[in-house]
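To start, the structure itself, in structure tokens.
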Amino acid sequence: MDTTRVSSTAFDGTPQAPAHARKFVRQVLGEWRLSHLTEDAILLTSELVTNAVVHAGTGVELTCRLDVGATPARLEIEVDDHHPARAIPPAAGLPSGEAASGRGLALAGMLADAWGVTYTQRAKRVWVRMEIGDGYEPHEPAAQAPGAPSAVPLETLRVGVLVADLDGVVESWNSEAERLLGWRADDVVGRSLKDVVAWQGHGPYALSLIDTLALCRWRGEARMRHRDGGLVPVYVSQLRTHGHTGERRSIWMVVPAEHRTVLMPPAAPMRGEAGRRIKELLDRDMPFAELLETVARIVHVSSGGDAAYVLLPAEGGDRFGVAAGAGGTAGLVGALPSGMFGPERRTPVLSDDLLAGDVELADRLKARSMACAPLLAGDEVIGYLVATAAGPGRFDRDLTLSLEHVAAQVSAPVQRARLAEQDRAHRGRLSFLAEAGELLAGVQDEELIAALTAQLVVPKIATWAAVYLTDLTGMTRLAHVWHSDERNNAELRASLPAIPRTALDEDSWPIGEENVLAFPLLTQGRSYGTLVIGRSEPTLPLELADLLSDLCRLVSLNLHTAMLYARQATTSRVLQRSLLPMRVAPVPGLESAVVYEPAEEGADVGGDFYDLFTVGDHWCFALGDVCGSGPEAAAVTGLARHAVRLLAKEHYTVADILDRLNNALLEEGDEGRSLSLLYGELTPLPQGGALCTIASAGHPPPLRLRPDGEVSAMATPQLLLGIEAGARFHVETFELAPEEVLLCVTDGVTERRNGDRLLDDDDGLAALLSGCTGLSAHGVAERVRHAVETFAPEPSQDDVALLVIRAAAALPRDAG
């Protein structure tokens, strides 16, 4: 009979070939009901295809061959490349214990049964073989457990017994065989068994019927010829025996295929081959994470479950979390409920249906059947080995005993490696968090914090990362994404929801094949967003989960500080801008220009201020300088500017405005809070120019520039405001003729320092202004600003404010 199933495909020799091959094998083995072999088969395939691509560099052909008629049934995976002259490197086979690479294939080789290389003129074939075990049924539903009621009436059961020598000659044929197949003993005895068995094997490793008879024991499906010419599906159990005279015989027990459970052995809870090789495997020196993955894979493959886990103590030691997993473990992370797992439980546990006892655990494990055994180091429970299955009643007590046996073998090496890893991980964790803290320290931009956070975890921990930020109003948005392959950043951002409609910790993420995990950014009971990562690995080790939690707390604190800073900065900026005029008032017949540069970085307002506004038929201007800097100086700036405006609109004279502002500052009660102020009023003249009334309270006097280049000071400095109660101020009046320029500055201009030299030493400002004849007001302002900026190599440490007023020609007369 044809008992072979074959599925083949081909790939280009590109870096993407291993991924395509893994997907193909997973699909094929799912169709063939070989899910319990999937992970090992994928590991083997990945190694073989990777080596073919790297070392041969040609196209790759992949073949999966299932032979259920072999003894025992087996799965073969073949990888062909087209470079037979290139010898297979040692790492591509099963490496020795000293090899520095190839451990993944070594582990798979421990669970496989054979491997080899076949060379032809045009190709090189690397193959591996995995024995499936007795009783595999690829076309039928899962076999009933031994002892379970049969769906087929027992009255139809026929147990034929025949004896043949090792050459296949039938020596005995009982009556049940006659009733089953129609042949009488006289018809069969003495003839070759080939006459009544439709035996056909496929593949390079298929056994012939004679080879099968030589096996010590064999069970499997076959087809036998009925006397009427038809083929009867049967199940055969063969045993090779020794007679009294030393001859060897093969005894066959044959039943109809529907009664196969009569002869099938009970399902073994653990694969014996894997159990025998555990010690050999664990004796190898391997990293802690690889050790745990190895143990999980052994438990998974050996138990026949859907998934397996190694649990280790979470932070605090009273709860256990997933440290490694194999099988259906996508997205599982963090500590598990402590009902089944706790430091006081020292005996194996078997649950036929978790939903009946621990719904939360069933939901976390996505399973209903569970068997587990503790890892004991002395009297301390250091972890658990766990096997799970999606359906109920999948495991029995024998499995828990086998798990306990495996746990006893692996506890000591796991404990040794765990203690060493804890020390190493602690140092690495502190180093990583120190690096993160240093990188984030002082960053007050939340967008930059999001970008740095994503780049901290990619590619060290995740394939990609996305940071969602929640602002102070509760709105959440996608702030930054980062992929290990930067070319995928745009695609990643497009595939993620910009504004999530569901909770960020749900699993509804439409992102490729990676496992997606979300970590909240929480501090002081408030959410500042979520860190979302994608990983190709099926589980997130517990130490990485703890590390990410610590990182998220650090990021949250920095976001908290940055958002508060941004809010305060915004408030400060709004208030500061309210202290400056929104625009300079236009003055008919006069041209004006302003330069205002606070010394403090990021500030809009400093201790200097200016103003230019209209009142009735004249124009008012002010330029002041508060002693000091910072918020206190800005407060005085606001008081002075708004007081001057208010008093001017109430038609107080220039002298009265200075008197009342002086009293207002003294009433504030801040000792040493003084103010220099230059205040004046301009009244346009019919012949052009303007009449200027001005007073200087401790301020640098304004300079007038005539068209011929003559420069003169136009006010006498008086007492600073806020120094003496009852001080009186006098005014000075002059005419600003057409084409003349009036320059008003603060001491940030006159006292600009370069070493021991000031800009205004030896009337330096007057000399500078003298060279500005013929320039517009804006031209003069820019010339002075540039001179201040370039006077010294270092930036100015004082606020700079200057006001330039230039008189235009005569106003046109009215037509009347």
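By order of appearance in the structure tokens: chains A, B, ..., then residues from 1 within every chain, and ligands from 1 in the order shown.
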*Nearby residues (only C-alpha atoms) at most 7 Å from Ala737 in chain A, same-chain spacing under 3 positions excluded, as a VMD selection string*: chain A and resid 688 to 690 740 807
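The neighbours of Leu639 in chain A here are the residues that come within 9 Å of it, using only C-alpha atoms and leaving out any residue fewer than 4 positions away in the same chain; they are Leu579, Ala634, Ala635, Ala643, Val644, Leu661, Ala664 and Leu665 of chain A.
Compared by their closest atoms to Ser8 in chain A, and using only C-alpha atoms, the residues A:Asp40, A:Asp165, A:Glu61, A:Glu47 rank with A:Glu61 nearest.
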*asked:* Just checking: using only C-alpha atoms, which residue out of A:Arg240, A:His300, A:His483, A:Arg22 ends up closest to Leu37 in chain A?
replied: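 The closest residue to Leu37 in chain A is A:His300.
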